[in-house]
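Down below is the structure, laid out as C-alpha cells.
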Amino acid sequence: MTTPRVTLVDACLRDGTGGSPTAVVFEDDADAAPLDDGERRRVPAAWGTSHAVYVRRAGDTTDLRFFTARGELPACGHGTVAALALLAARRGGAAPYRATLRAAGRVFTGRAERDGALLTAAFDPGPVTLREPAAAERRLLLAALGLAPDGTGPDVRIAGVGSARALVPVPGRAALAGLRPDLARLRAVCDRFGLIGAYVHSPPTPHGALAARMFAPSIGVGEDIANANGTAALAAHLSGRGVHRIAVDMGDALGGRATITAAAEPGRSLELGGTARVVAEQDSRNRIDRKVGT
C-alpha cells in the first residue's frame, strides 16, 4: 500500500473538546505519493476515523474528495471543516483565511480563522432539497430505528445535501439517547430507497439548541460522531418554521462531544460551521504500514 502523509484533525469540537477525528491528506505536497481509490478507502480504517478528506490545490481552487472505508462520498461537512482548518493552519498568521473549494463538481466558498489554540471554519454546503417521505419509507425507517409509528411527529423529511438522508424528529433528548436502531435493517431500508442513513434529532429550544444522532450504515458508518451535512439539511428545514440558527450537539452516545452550527437566514445562503483542532501533522508512513500492512 502507498503510505500517505496523514494529519488528524478533530472537527466540530464542543467547548474546545471532543470533535470528530478526521484524516486529512494533502495530495499535492511535494513528497506525496499518488493514491488510488482503494488506498484512499483504507486510510479511515487505518487511522480509526469515520472519514478521510483528500486535498489538492489547483490554482485558486482547492479540490476536496471524501472517503469512508466503503467508498467515496460527494460531500462531507465535518471533513470540509477539517480541511479548511488545516488549510488555515498551514497558511499561518491571524488573518481570516478564505478559500474557493470544489467537490463533486460543485464550487463553493469557505473560510477559517484562528480562535486561540483552535480554528473556526464555515462554508456554504449548497442547496438542500426537502420532501415528505412516501408511506413505505416512513414506516420502514421508523421500524428500523426502533420507533413506533406514533413515536415521532409528522415532520419526517427526506433531505438531499450531497447525499439524501432522512430527518427524523423525536420528542426530546431522552428519547434520542434511548434509541437502539437495528443497523442491518436500517441499512437495507436505506439501500432500498437510496438514502445514506437517518439523522434523528430532538426539538430545538427557542435559541436553536438541540441534539442529534446520525446513523449511516449504508456508507459503513454505524453512527457518526458529527454529521454536518445532516445539520445543514435540518437548518434548511427549520428555517421554514422560523428557526434560522441552530447549534446541534452530537456524539454523546459514542462517548464523544461534538457541536455543529448552521445558519439559514431568509434571502441568504446557508452557512455551516464548527471549531477544529489540528491534532498531529507528521509523516505517518510507519503508522499506516503497521496498521494496514504493505
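Chains: A, B, ... in order of the C-alpha cells. Residues: from 1 per chain. Ligands: from 1, in order shown.
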
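When the distance limit is 8 Å and only C-alpha atoms are what count, the residues near A:Ala104, minus those fewer than 2 positions from it on the same chain, are Arg65, Pro74, Ala75, Arg102 and Arg106 of chain A.
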
Generate a file of the selected residues that holds C-alpha atoms, formatted as an mmCIF file, in the first residue's frame.
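Saved file part01.cif follows:
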```cif
data_model
loop_
_atom_site.group_PDB
_atom_site.id
_atom_site.type_symbol
_atom_site.label_atom_id
_atom_site.label_comp_id
_atom_site.auth_asym_id
_atom_site.auth_seq_id
_atom_site.Cartn_x
_atom_site.Cartn_y
_atom_site.Cartn_z
ATOM 1 C CA ARG A 65 -12.591 14.354 -2.113
ATOM 2 C CA PRO A 74 -19.927 13.537 -2.868
ATOM 3 C CA ALA A 75 -19.759 15.706 0.266
ATOM 4 C CA ARG A 102 -14.620 22.283 -5.309
ATOM 5 C CA ARG A 106 -19.657 21.993 -7.181
#
```

Running DSSP on the backbone, which parts of stretch 14-197 of chain A land in helix (DSSP H, G or I), as a CSV table (one decimal) with N, CA and C atoms, in the first residue's frame?
```
chain,number,residue,atom,x,y,z
A,37,ASP,N,-8.1,4.8,-5.4
A,37,ASP,CA,-9.2,4.9,-4.6
A,37,ASP,C,-9.3,3.8,-3.5
A,38,GLY,N,-8.7,2.6,-3.8
A,38,GLY,CA,-8.6,1.6,-2.8
A,38,GLY,C,-7.7,2.0,-1.6
A,39,GLU,N,-6.6,2.7,-1.9
A,39,GLU,CA,-5.8,3.2,-0.8
A,39,GLU,C,-6.5,4.3,-0.1
A,40,ARG,N,-7.2,5.1,-0.8
A,40,ARG,CA,-8.0,6.2,-0.1
A,40,ARG,C,-9.0,5.6,0.9
A,41,ARG,N,-9.6,4.5,0.5
A,41,ARG,CA,-10.6,3.9,1.4
A,41,ARG,C,-9.9,3.3,2.7
A,42,ARG,N,-8.7,2.9,2.5
A,42,ARG,CA,-8.0,2.2,3.7
A,42,ARG,C,-7.6,3.2,4.8
A,43,VAL,N,-7.4,4.5,4.4
A,43,VAL,CA,-6.9,5.4,5.4
A,43,VAL,C,-7.9,5.6,6.6
A,44,PRO,N,-9.2,5.8,6.4
A,44,PRO,CA,-10.0,5.9,7.6
A,44,PRO,C,-9.9,4.8,8.6
A,45,ALA,N,-9.9,3.5,8.0
A,45,ALA,CA,-9.8,2.4,8.9
A,45,ALA,C,-8.4,2.3,9.6
A,46,ALA,N,-7.4,2.7,8.9
A,46,ALA,CA,-6.0,2.7,9.5
A,46,ALA,C,-5.9,3.7,10.6
A,47,TRP,N,-6.6,4.8,10.5
A,47,TRP,CA,-6.4,5.9,11.5
A,47,TRP,C,-7.6,5.9,12.5
A,77,GLY,N,-19.5,17.3,5.5
A,77,GLY,CA,-19.5,18.5,6.2
A,77,GLY,C,-18.3,18.7,7.2
A,78,HIS,N,-18.2,17.7,8.1
A,78,HIS,CA,-17.1,17.8,9.0
A,78,HIS,C,-15.8,17.6,8.4
A,79,GLY,N,-15.7,16.9,7.3
A,79,GLY,CA,-14.5,16.8,6.5
A,79,GLY,C,-14.1,18.1,5.9
A,80,THR,N,-15.1,18.9,5.5
A,80,THR,CA,-14.8,20.2,4.9
A,80,THR,C,-14.3,21.1,6.0
A,81,VAL,N,-14.9,21.1,7.2
A,81,VAL,CA,-14.4,21.9,8.3
A,81,VAL,C,-13.0,21.5,8.6
A,82,ALA,N,-12.7,20.2,8.7
A,82,ALA,CA,-11.3,19.8,8.9
A,82,ALA,C,-10.3,20.3,7.9
A,83,ALA,N,-10.7,20.2,6.6
A,83,ALA,CA,-9.8,20.7,5.6
A,83,ALA,C,-9.6,22.2,5.6
A,84,LEU,N,-10.6,22.9,5.9
A,84,LEU,CA,-10.5,24.4,6.0
A,84,LEU,C,-9.6,24.8,7.2
A,85,ALA,N,-9.8,24.1,8.3
A,85,ALA,CA,-8.9,24.4,9.5
A,85,ALA,C,-7.5,24.1,9.2
A,86,LEU,N,-7.2,23.0,8.5
A,86,LEU,CA,-5.8,22.6,8.3
A,86,LEU,C,-5.2,23.6,7.2
A,87,LEU,N,-6.0,23.9,6.2
A,87,LEU,CA,-5.5,24.9,5.2
A,87,LEU,C,-5.1,26.2,5.9
A,88,ALA,N,-6.0,26.7,6.8
A,88,ALA,CA,-5.7,27.9,7.5
A,88,ALA,C,-4.5,27.8,8.4
A,89,ALA,N,-4.3,26.6,9.1
A,89,ALA,CA,-3.2,26.4,10.0
A,89,ALA,C,-1.9,26.4,9.2
A,90,ARG,N,-1.9,25.8,8.0
A,90,ARG,CA,-0.7,25.8,7.2
A,90,ARG,C,-0.4,27.1,6.6
A,91,ARG,N,-1.4,27.9,6.3
A,91,ARG,CA,-1.1,29.3,5.8
A,91,ARG,C,-0.5,30.1,6.9
A,135,ALA,N,-45.2,6.7,2.2
A,135,ALA,CA,-45.7,6.0,3.4
A,135,ALA,C,-44.8,4.8,3.7
A,136,ALA,N,-44.3,4.1,2.7
A,136,ALA,CA,-43.4,2.9,2.9
A,136,ALA,C,-42.1,3.3,3.5
A,137,GLU,N,-41.5,4.4,3.0
A,137,GLU,CA,-40.3,5.0,3.5
A,137,GLU,C,-40.4,5.3,5.0
A,138,ARG,N,-41.4,6.0,5.3
A,138,ARG,CA,-41.6,6.4,6.7
A,138,ARG,C,-41.8,5.2,7.6
A,139,ARG,N,-42.7,4.3,7.2
A,139,ARG,CA,-43.0,3.1,8.0
A,139,ARG,C,-41.7,2.2,8.3
A,140,LEU,N,-41.0,2.0,7.2
A,140,LEU,CA,-39.8,1.1,7.3
A,140,LEU,C,-38.7,1.8,8.1
A,141,LEU,N,-38.5,3.1,7.8
A,141,LEU,CA,-37.4,3.8,8.5
A,141,LEU,C,-37.7,3.8,10.0
A,142,LEU,N,-38.9,4.2,10.4
A,142,LEU,CA,-39.2,4.2,11.9
A,142,LEU,C,-39.1,2.9,12.5
A,143,ALA,N,-39.5,1.8,11.8
A,143,ALA,CA,-39.4,0.5,12.4
A,143,ALA,C,-37.9,0.1,12.6
A,144,ALA,N,-37.0,0.4,11.6
A,144,ALA,CA,-35.6,0.1,11.7
A,144,ALA,C,-34.9,0.9,12.8
A,145,LEU,N,-35.4,2.1,13.1
A,145,LEU,CA,-34.9,2.9,14.2
A,145,LEU,C,-35.4,2.5,15.5
A,173,ARG,N,-34.4,14.9,24.2
A,173,ARG,CA,-33.1,14.3,24.3
A,173,ARG,C,-33.1,12.9,24.9
A,174,ALA,N,-34.0,12.7,25.9
A,174,ALA,CA,-34.0,11.4,26.5
A,174,ALA,C,-34.4,10.3,25.5
A,175,ALA,N,-35.4,10.6,24.7
A,175,ALA,CA,-35.8,9.7,23.6
A,175,ALA,C,-34.7,9.5,22.6
A,176,LEU,N,-34.0,10.5,22.3
A,176,LEU,CA,-32.8,10.4,21.4
A,176,LEU,C,-31.8,9.5,22.0
A,177,ALA,N,-31.4,9.7,23.2
A,177,ALA,CA,-30.4,8.9,23.9
A,177,ALA,C,-30.8,7.4,24.0
A,183,LEU,N,-29.2,-1.7,12.9
A,183,LEU,CA,-28.4,-1.1,11.9
A,183,LEU,C,-28.5,-1.9,10.6
A,184,ALA,N,-28.5,-3.3,10.7
A,184,ALA,CA,-28.6,-4.1,9.5
A,184,ALA,C,-29.9,-3.8,8.8
A,185,ARG,N,-31.0,-3.7,9.6
A,185,ARG,CA,-32.3,-3.4,9.0
A,185,ARG,C,-32.3,-2.0,8.4
A,186,LEU,N,-31.7,-1.1,9.1
A,186,LEU,CA,-31.7,0.3,8.6
A,186,LEU,C,-30.9,0.4,7.3
A,187,ARG,N,-29.8,-0.3,7.3
A,187,ARG,CA,-29.0,-0.3,6.0
A,187,ARG,C,-29.9,-0.8,4.8
A,188,ALA,N,-30.6,-1.9,5.1
A,188,ALA,CA,-31.4,-2.5,4.0
A,188,ALA,C,-32.5,-1.5,3.5
A,189,VAL,N,-33.1,-0.8,4.5
A,189,VAL,CA,-34.1,0.2,4.1
A,189,VAL,C,-33.5,1.4,3.4
A,190,CYS,N,-32.4,1.9,3.9
A,190,CYS,CA,-31.7,3.0,3.2
A,190,CYS,C,-31.2,2.6,1.8
A,191,ASP,N,-30.7,1.4,1.7
A,191,ASP,CA,-30.2,1.0,0.3
A,191,ASP,C,-31.4,0.9,-0.6
A,192,ARG,N,-32.5,0.4,-0.1
A,192,ARG,CA,-33.7,0.3,-1.0
A,192,ARG,C,-34.2,1.7,-1.5
A,193,PHE,N,-34.1,2.7,-0.6
A,193,PHE,CA,-34.6,4.0,-1.0
A,193,PHE,C,-33.6,5.0,-1.4
```

Between A:Arg268, A:His201, A:Arg245, A:Arg98, which has the minimum distance to A:Thr152 (counting only C-alpha atoms)?
A:His201

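If you measure from each of A:Ala23, A:Ala94, A:Leu35, A:Pro154 to A:Ala11 using only C-alpha atoms, the closest one turns out to be A:Ala23.
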
Skip A:Ala166 itself and residues of its chain fewer than 3 positions away, then list as JSON, numbers by chain all residues within 12 Å of it, counting only C-alpha atoms.
{"A": [129, 130, 131, 132, 133, 134, 137, 138, 140, 141, 142, 145, 155, 156, 157, 158, 159, 160, 161, 163, 169, 186, 189, 190, 193, 194, 195, 196, 197, 198, 199, 200, 201, 213, 214, 215, 216, 229, 230, 231, 233, 234, 237]}
